Amino acid sequence: MKEENVIEADQLTKTFGEFTAVNAISFEVKKGEIFGFLGANGAGKTTAMKMLIGISKPSAGKAAVAGFDVYSQPESIKKNIGYMSQRFALYDDLTVKENITFFGGIYGLSRKKIREKREQLISELGLENISNKLVGSLPLGWKQKLAFSVSLLHGPKIVFLDEPTGGVDPITRRHFWEMIYKAADQGTTIFVTTHYMDEAEYCDRVSIMVEGKIEALDTPKKLKEQFKVDSMNDVFLKLARIPSPTLPKGKGENTDCN
Amino acid sequence: MKTIGYIIQKEFKQIFRNKGMLPIIFILPILQLVILSNAATYEVKNIKFAYIDYDHTSTSRALVEKFNASSYFNVLTDFPSQEIASAALLRGEVDVVLEIPNNFERNLLKEKTADLSITINAIDGAAAGVENGYVNQILQTFNKDVKTNIIDTSKKPVQSVAIESIPSFWYNTTLDYKTFMVPGILVLLVTMITLFLSGMNIVREKEIGTLEQINVTPIRKSQFIIGKLFPFWVIGMGLLTIGLILAKAIFNIPMEGSIALLYAYTSIYILVILGMGLLISNFTDTQQQAMFIAWFFIVIFILMSGLFTPIESMPKWAQLITEFNPIKYFVEIVRMVMLKGAGFTDILPQLWKTMLYAAIMNGLAVWSYRKTI
């Protein structure tokens, strides 16, 4: 059994003024696990993730990622993680090769290593014919797969994926999940947010966030048993009482985009 | 070091791949230098000149002929009376009216002195001053003994000076305004392009979302900033080079001082501007905001730089503000080095201030740059 915890969050909280985006969440993620981080839009998933990847200071609570404290060692965390945001974040005006070289370079890989990785990655993704094309000209699905591969370039212990398959067709999503499984098999921990409930079924364990709190956390199988339903979709619907937009609570809900 | 290299490489690729950006960086400044240097003139030409000749003698005709011969004056009309001339002046049909009184020739011959009256439209005070100068010049060559009473439209009589002065103009002997303006406009181009480009560059990455990706990498703040700004430093120096070549080739501007000194100063000056650009992009979220703020500062900097209007004639408080204007120092240095041949020790005061400015600007910019949100 894999026992080592690579992510530990304890009462982690983030407030923006009066609004509590993330309300004292606690969980652990084990090495090599595919951890699904679910929640409706505005539930606080992205905010929580940003605290874990060291670009947002928590308001309260404790958290450690890859053994480093999120308050005092964010830069050490960054060396050990990969990140793929919900906004596509490679450079559209650079070619496939140039993007790989650039990100390899700023993660401090050697020239030789970058060349090796570049060739390996391009052949794995089948991008040989278009490796000198600008990334901006590729279809979204290819871009997303490329972005995921680039986030794995420096061999991170954990990779954070923020809605990686948003707007992507079902076949590409399937390919994407095959890539996720492959990375997990090689020992990389996957921390993934999604609101596709079929994807939730692929995860080893999932947590469901509702209005800043984690309301459920277990394997998909056990969650379905617990809520006596057949699919993760129903689990989600039972839990996520999506707040009505007419209620005054709506203020600051949309933290997902920030 | 290697990390910085990757960023610089990427920046250059992006700059030279951006088809909209290249003309802005290289073509526009050249056009501006050529056009502005010819348009931003202090010379007053094509002055609409009219006269009233009550004398009707060969001497009075000879005087009018003097004005006719000058390239500055367009001799328009011979008005029969003062009233009609005043009305024309009011309508803006003429700028300068010369009135030659009765017995002008006789007085000149008999008493060796005669009076003339000159009326100048002084709505544009600066132009009126220049016109006054031209008129005086012509009258002096006409007859050194002619005593003129010049009356401008405010009807304040001005006594002409009895003592003859022979000016000798140093550093710009032909009083060619281009010699004066071209180095200044060169300063503007280098400043504007580097400020706008650096100000918008990091904001652009914020807008397209790649900055967040960069912030999740272990890259150090200083590495990222140096890598980001270095290409614009190179572009700034490149612009200076293009500008200097044009100044020499098209306008034949002298280069009295050391080019190396000018480059050394510029290399520090651009750091001030880049720091400013970075500071702007730290506090803005969109390229539009960054652009507006950069414009706000550029307009103030240009108008208070001493480029178009001398700083000495500004009110005290305004002169104090110009102390914080980097363009002011650069304009001074460029003119000093190019036209006066100033050496290292001559530019030391400005050099120190610029270095201090660069340190403060970049310090603030690096300090306010946050990898976290």
# chains A, B, ... in the order shown; residues from 1 in each chain; ligands from 1
>>> interface_residues(of="chain A", to="chain B", cutoff="8 Å", atoms="only C-alpha atoms", output="tab-separated table (two decimals) with C-alpha atoms, in the first residue's frame")
chain	number	residue	atom	x	y	z
A	53	ILE	CA	0.36	25.47	-5.43
A	54	GLY	CA	1.84	28.41	-3.54
A	55	ILE	CA	0.43	31.38	-5.43
A	56	SER	CA	-2.18	32.34	-2.85
A	57	LYS	CA	-1.52	32.76	0.86
A	75	GLU	CA	9.10	28.14	-3.91
A	76	SER	CA	10.17	24.64	-2.82
A	78	LYS	CA	6.81	24.93	-7.00
A	79	LYS	CA	9.90	22.86	-7.80
A	82	GLY	CA	3.26	20.71	-12.14
A	83	TYR	CA	0.23	22.87	-12.81
A	84	MET	CA	-2.22	23.19	-15.62
A	85	SER	CA	-4.74	25.97	-15.24
A	87	ARG	CA	-7.15	28.82	-18.90
A	88	PHE	CA	-4.86	27.37	-21.52
A	89	ALA	CA	-1.44	28.65	-20.52
A	90	LEU	CA	1.12	27.79	-23.14
A	91	TYR	CA	2.30	30.54	-25.48
A	93	ASP	CA	2.85	32.61	-30.50
A	94	LEU	CA	5.55	30.02	-29.88
A	98	GLU	CA	9.67	26.30	-28.45
A	102	PHE	CA	10.98	27.34	-22.73
A	105	GLY	CA	14.42	25.84	-19.45
A	106	ILE	CA	12.71	27.74	-16.67
A	107	TYR	CA	12.38	24.54	-14.64
A	108	GLY	CA	16.15	24.32	-14.91
>>> residues_around(residues="range 51-66 of chain B", least_positions_apart="4", cutoff="7 Å", atoms="only C-alpha atoms", output="MDAnalysis selection string")
chainID B and resid 70 77:81 97:105 138 142
>>> write_last_selection(atoms="N, CA and C atoms", output="mmCIF file, in the first residue's frame")
data_model
loop_
_atom_site.group_PDB
_atom_site.id
_atom_site.type_symbol
_atom_site.label_atom_id
_atom_site.label_comp_id
_atom_site.auth_asym_id
_atom_site.auth_seq_id
_atom_site.Cartn_x
_atom_site.Cartn_y
_atom_site.Cartn_z
ATOM 1 N N SER B 70 13.065 89.875 -48.326
ATOM 2 C CA SER B 70 13.277 88.894 -47.245
ATOM 3 C C SER B 70 12.402 87.653 -47.456
ATOM 4 N N THR B 77 -0.011 94.085 -49.160
ATOM 5 C CA THR B 77 -0.759 95.244 -49.659
ATOM 6 C C THR B 77 -0.144 96.561 -49.221
ATOM 7 N N ASP B 78 -0.551 97.519 -49.926
ATOM 8 C CA ASP B 78 -0.247 98.909 -49.584
ATOM 9 C C ASP B 78 -1.570 99.515 -49.140
ATOM 10 N N PHE B 79 -1.724 99.721 -47.836
ATOM 11 C CA PHE B 79 -2.994 100.277 -47.341
ATOM 12 C C PHE B 79 -2.964 101.792 -47.438
ATOM 13 N N PRO B 80 -4.093 102.397 -47.838
ATOM 14 C CA PRO B 80 -4.104 103.863 -47.939
ATOM 15 C C PRO B 80 -4.131 104.547 -46.578
ATOM 16 N N SER B 81 -4.738 103.909 -45.564
ATOM 17 C CA SER B 81 -4.808 104.615 -44.283
ATOM 18 C C SER B 81 -4.637 103.648 -43.110
ATOM 19 N N VAL B 97 2.165 95.397 -39.697
ATOM 20 C CA VAL B 97 1.910 96.599 -40.499
ATOM 21 C C VAL B 97 3.014 97.615 -40.241
ATOM 22 N N LEU B 98 3.610 98.074 -41.315
ATOM 23 C CA LEU B 98 4.660 99.092 -41.221
ATOM 24 C C LEU B 98 4.072 100.412 -41.708
ATOM 25 N N GLU B 99 4.241 101.433 -40.881
ATOM 26 C CA GLU B 99 3.705 102.735 -41.274
ATOM 27 C C GLU B 99 4.871 103.692 -41.502
ATOM 28 N N ILE B 100 4.970 104.199 -42.748
ATOM 29 C CA ILE B 100 6.042 105.149 -43.065
ATOM 30 C C ILE B 100 5.419 106.545 -43.109
ATOM 31 N N PRO B 101 5.801 107.417 -42.197
ATOM 32 C CA PRO B 101 5.140 108.728 -42.095
ATOM 33 C C PRO B 101 5.582 109.685 -43.213
ATOM 34 N N ASN B 102 4.850 110.762 -43.255
ATOM 35 C CA ASN B 102 5.236 111.870 -44.134
ATOM 36 C C ASN B 102 6.648 112.337 -43.815
ATOM 37 N N ASN B 103 7.310 112.854 -44.795
ATOM 38 C CA ASN B 103 8.628 113.459 -44.589
ATOM 39 C C ASN B 103 9.657 112.487 -44.056
ATOM 40 N N PHE B 104 9.421 111.197 -44.291
ATOM 41 C CA PHE B 104 10.349 110.172 -43.804
ATOM 42 C C PHE B 104 11.740 110.377 -44.436
ATOM 43 N N GLU B 105 11.730 110.534 -45.754
ATOM 44 C CA GLU B 105 12.998 110.698 -46.454
ATOM 45 C C GLU B 105 13.690 111.995 -46.038
ATOM 46 N N ILE B 138 15.899 93.788 -40.370
ATOM 47 C CA ILE B 138 15.792 94.421 -41.694
ATOM 48 C C ILE B 138 16.018 95.923 -41.589
ATOM 49 N N PHE B 142 18.843 98.280 -43.203
ATOM 50 C CA PHE B 142 18.398 99.375 -44.084
ATOM 51 C C PHE B 142 19.140 100.667 -43.731
#
>>> select_by_dssp(residues="range 150-291 of chain B", states="alpha helix (DSSP H)", output="JSON, numbers by chain")
{"B": [177, 178, 179, 180, 181, 182, 183, 184, 185, 186, 187, 188, 189, 190, 191, 192, 193, 194, 195, 196, 197, 198, 199, 200, 201, 202, 203, 204, 205, 206, 207, 208, 210, 211, 212, 213, 214, 215, 221, 222, 223, 224, 225, 226, 227, 228, 229, 230, 231, 232, 233, 234, 235, 236, 237, 238, 239, 240, 241, 242, 243, 244, 245, 246, 247, 248, 249, 259, 260, 261, 262, 263, 264, 265, 266, 267, 268, 269, 270, 271, 272, 273, 274, 275, 276, 277, 278, 279, 280, 281, 282, 287, 288, 289, 290, 291]}
>>> residues_around(residues="Ser37 in chain B", least_positions_apart="2", cutoff="8 Å", atoms="only C-alpha atoms", output="compact mmCIF listing (two decimals) with N, CA and C atoms, in the first residue's frame")
# COMPACT_ATOMS: atom_id res chain seq x y z
N GLN B 32 8.36 59.38 -37.14
CA GLN B 32 8.18 60.48 -36.20
C GLN B 32 9.39 61.40 -36.19
N LEU B 33 10.56 60.80 -36.20
CA LEU B 33 11.77 61.61 -36.14
C LEU B 33 11.84 62.52 -37.37
N VAL B 34 11.55 61.96 -38.53
CA VAL B 34 11.65 62.74 -39.76
C VAL B 34 10.58 63.81 -39.82
N ILE B 35 9.33 63.40 -39.48
CA ILE B 35 8.22 64.36 -39.60
C ILE B 35 8.29 65.42 -38.51
N ALA B 39 8.56 69.53 -38.49
CA ALA B 39 7.35 70.29 -38.16
C ALA B 39 7.51 71.12 -36.90
N ALA B 40 8.25 70.59 -35.93
CA ALA B 40 8.37 71.28 -34.65
C ALA B 40 9.38 72.41 -34.78
N THR B 41 8.96 73.47 -35.47
CA THR B 41 9.91 74.54 -35.76
C THR B 41 9.59 75.80 -34.96
N LYS B 178 16.58 72.70 -36.00
CA LYS B 178 16.65 71.23 -36.11
C LYS B 178 17.78 70.67 -35.28
N MET B 181 16.16 70.51 -32.02
CA MET B 181 15.01 69.63 -31.83
C MET B 181 15.31 68.15 -32.06
N VAL B 182 16.12 67.83 -33.04
CA VAL B 182 16.32 66.42 -33.40
C VAL B 182 16.83 65.59 -32.21
N ILE B 185 13.87 65.06 -29.85
CA ILE B 185 12.85 64.13 -30.34
C ILE B 185 13.37 62.70 -30.28
>>> closest_residue(among="A:Asp92, A:Asp185, A:Asp69, A:Glu199", to="Leu146 in chain A", atoms="only C-alpha atoms")
A:Asp92
>>> residues_around(residues="Asn23 in chain A", least_positions_apart="5", cutoff="10 Å", atoms="only C-alpha atoms", output="ChimeraX atom specification")
/A:11-15,44,48,59-61,209-214
>>> write_last_selection(atoms="C-alpha atoms", output="mmCIF file, in the first residue's frame")
data_model
loop_
_atom_site.group_PDB
_atom_site.id
_atom_site.type_symbol
_atom_site.label_atom_id
_atom_site.label_comp_id
_atom_site.auth_asym_id
_atom_site.auth_seq_id
_atom_site.Cartn_x
_atom_site.Cartn_y
_atom_site.Cartn_z
ATOM 1 C CA GLN A 11 -8.432 23.490 8.455
ATOM 2 C CA LEU A 12 -7.212 25.391 5.401
ATOM 3 C CA THR A 13 -9.181 28.623 4.975
ATOM 4 C CA LYS A 14 -9.238 31.541 2.568
ATOM 5 C CA THR A 15 -11.355 34.604 3.063
ATOM 6 C CA GLY A 44 -13.962 27.262 -3.960
ATOM 7 C CA ALA A 48 -8.171 25.971 -2.614
ATOM 8 C CA SER A 59 -5.980 33.042 5.612
ATOM 9 C CA ALA A 60 -5.836 30.309 8.241
ATOM 10 C CA GLY A 61 -5.105 26.621 8.733
ATOM 11 C CA MET A 209 -16.815 20.843 -2.103
ATOM 12 C CA VAL A 210 -20.003 22.763 -1.437
ATOM 13 C CA GLU A 211 -19.833 26.457 -0.653
ATOM 14 C CA GLY A 212 -16.269 26.371 0.567
ATOM 15 C CA LYS A 213 -16.557 23.185 2.645
ATOM 16 C CA ILE A 214 -15.683 19.574 1.869
#
>>> atom_distance(atom1="CA of Asn46 in chain B", atom2="CA of Gly306 in chain B")
26.8 Å
>>> atom_distance(atom1="CA of Leu90 in chain B", atom2="CA of Gly125 in chain B")
15.8 Å
>>> closest_residue(among="A:Tyr71, A:Gln86, A:His195, A:Ser131", to="Ala147 in chain A", atoms="only C-alpha atoms")
A:Gln86
>>> residues_around(residues="Arg118 in chain A", least_positions_apart="2", cutoff="10 Å", atoms="only C-alpha atoms", output="JSON, numbers by chain")
{"A": [96, 97, 98, 99, 100, 101, 104, 112, 113, 114, 115, 116, 120, 121, 122, 123, 124, 131, 149, 150, 153]}
>>> write_last_selection(atoms="C-alpha atoms", output="CSV table (one decimal), in the first residue's frame")
chain,number,residue,atom,x,y,z
A,96,VAL,CA,5.2,23.3,-30.0
A,97,LYS,CA,9.0,22.8,-29.7
A,98,GLU,CA,9.7,26.3,-28.4
A,99,ASN,CA,7.0,26.0,-25.7
A,100,ILE,CA,8.6,22.7,-24.5
A,101,THR,CA,12.1,24.2,-24.6
A,104,GLY,CA,12.0,23.0,-19.7
A,112,LYS,CA,20.4,17.6,-23.2
A,113,LYS,CA,17.5,16.7,-21.0
A,114,ILE,CA,15.3,19.2,-22.7
A,115,ARG,CA,16.2,17.8,-26.1
A,116,GLU,CA,15.5,14.3,-25.0
A,120,GLN,CA,10.0,11.9,-26.4
A,121,LEU,CA,7.0,14.1,-25.8
A,122,ILE,CA,6.5,15.0,-29.4
A,123,SER,CA,6.5,11.4,-30.5
A,124,GLU,CA,4.3,10.3,-27.7
A,131,SER,CA,6.2,20.4,-34.0
A,149,SER,CA,2.7,16.9,-21.0
A,150,VAL,CA,4.5,20.2,-20.5
A,153,LEU,CA,8.2,17.9,-18.1
>>> residues_around(residues="Phe49 in chain B", least_positions_apart="5", cutoff="6 Å", atoms="only C-alpha atoms", output="NGL selection string")
:B and (74-76 or 94 or 96)
>>> write_last_selection(atoms="N, CA and C atoms", output="short mmCIF file (atom, residue, chain, number, x, y, z; two decimals), in the first residue's frame")
data_model
loop_
_atom_site.label_atom_id
_atom_site.label_comp_id
_atom_site.auth_asym_id
_atom_site.auth_seq_id
_atom_site.Cartn_x
_atom_site.Cartn_y
_atom_site.Cartn_z
N ASN B 74 5.88 87.98 -46.61
CA ASN B 74 5.10 88.05 -47.84
C ASN B 74 4.50 89.45 -47.89
N VAL B 75 4.99 90.29 -48.76
CA VAL B 75 4.45 91.64 -48.80
C VAL B 75 3.12 91.60 -49.52
N LEU B 76 2.06 91.97 -48.79
CA LEU B 76 0.72 91.82 -49.32
C LEU B 76 0.22 93.09 -49.99
N VAL B 94 -3.53 90.38 -42.06
CA VAL B 94 -2.09 90.72 -41.99
C VAL B 94 -1.58 90.50 -40.58
N VAL B 96 1.78 91.92 -39.71
CA VAL B 96 2.65 93.03 -39.37
C VAL B 96 2.32 94.20 -40.29
#
>>> residues_around(residues="Gly39 in chain A", least_positions_apart="2", cutoff="8 Å", atoms="only C-alpha atoms", output="PDB file with C-alpha atoms, in the first residue's frame")
ATOM      1  CA  PHE A  37     -11.527  17.620  -6.320  1.00  0.00           C
ATOM      2  CA  ASN A  41     -18.782  26.541 -10.058  1.00  0.00           C
ATOM      3  CA  GLY A  42     -17.832  28.933  -7.313  1.00  0.00           C
ATOM      4  CA  ALA A  43     -17.557  26.241  -4.635  1.00  0.00           C
ATOM      5  CA  GLY A  44     -13.962  27.262  -3.960  1.00  0.00           C
ATOM      6  CA  LYS A  45     -12.042  24.572  -5.847  1.00  0.00           C
ATOM      7  CA  THR A 193     -10.701  19.390 -10.415  1.00  0.00           C
ATOM      8  CA  THR A 194     -13.566  18.679 -12.726  1.00  0.00           C
ATOM      9  CA  HIS A 195     -17.286  18.942 -12.957  1.00  0.00           C
ATOM     10  CA  ILE A 208     -16.916  17.192  -3.047  1.00  0.00           C
ATOM     11  CA  MET A 209     -16.815  20.843  -2.103  1.00  0.00           C
ATOM     12  CA  VAL A 210     -20.003  22.763  -1.437  1.00  0.00           C
ATOM     13  CA  PHE A 236     -23.081  15.290  -6.654  1.00  0.00           C
ATOM     14  CA  ALA A 240     -24.344  20.291  -4.187  1.00  0.00           C
TER      15      ALA A 240
END
>>> atom_distance(atom1="CA of Gly136 in chain A", atom2="CA of Ile226 in chain B")
26.2 Å
>>> decode(residues="range 152-167 of chain A", atoms="N, CA and C atoms", output="short mmCIF file (atom, residue, chain, number, x, y, z; two decimals), in the first residue's frame")
data_model
loop_
_atom_site.label_atom_id
_atom_site.label_comp_id
_atom_site.auth_asym_id
_atom_site.auth_seq_id
_atom_site.Cartn_x
_atom_site.Cartn_y
_atom_site.Cartn_z
N LEU A 152 4.30 18.04 -16.93
CA LEU A 152 5.00 16.87 -16.38
C LEU A 152 6.49 16.87 -16.73
N LEU A 153 6.89 17.86 -17.51
CA LEU A 153 8.23 17.91 -18.10
C LEU A 153 9.35 17.73 -17.09
N HIS A 154 9.24 18.38 -15.96
CA HIS A 154 10.33 18.39 -14.98
C HIS A 154 10.16 17.27 -13.95
N GLY A 155 9.31 16.29 -14.27
CA GLY A 155 9.12 15.15 -13.38
C GLY A 155 8.62 15.52 -12.00
N PRO A 156 7.50 16.25 -11.93
CA PRO A 156 7.00 16.69 -10.62
C PRO A 156 6.43 15.51 -9.81
N LYS A 157 6.42 15.67 -8.48
CA LYS A 157 5.82 14.63 -7.62
C LYS A 157 4.31 14.67 -7.72
N ILE A 158 3.80 15.90 -7.83
CA ILE A 158 2.35 16.06 -7.88
C ILE A 158 2.03 16.95 -9.06
N VAL A 159 0.94 16.66 -9.77
CA VAL A 159 0.52 17.59 -10.80
C VAL A 159 -0.92 18.01 -10.51
N PHE A 160 -1.11 19.33 -10.54
CA PHE A 160 -2.43 19.91 -10.27
C PHE A 160 -3.09 20.26 -11.59
N LEU A 161 -4.28 19.73 -11.81
CA LEU A 161 -5.00 20.01 -13.06
C LEU A 161 -6.30 20.70 -12.71
N ASP A 162 -6.46 21.92 -13.20
CA ASP A 162 -7.68 22.67 -12.90
C ASP A 162 -8.60 22.60 -14.11
N GLU A 163 -9.63 21.78 -14.00
CA GLU A 163 -10.57 21.56 -15.10
C GLU A 163 -9.86 21.38 -16.43
N PRO A 164 -9.05 20.33 -16.52
CA PRO A 164 -8.20 20.19 -17.71
C PRO A 164 -8.97 19.85 -18.97
N THR A 165 -10.17 19.29 -18.83
CA THR A 165 -10.88 18.82 -20.02
C THR A 165 -12.06 19.70 -20.38
N GLY A 166 -12.08 20.91 -19.85
CA GLY A 166 -13.18 21.82 -20.16
C GLY A 166 -13.21 22.14 -21.64
N GLY A 167 -14.37 21.96 -22.27
CA GLY A 167 -14.53 22.32 -23.67
C GLY A 167 -13.89 21.37 -24.66
#
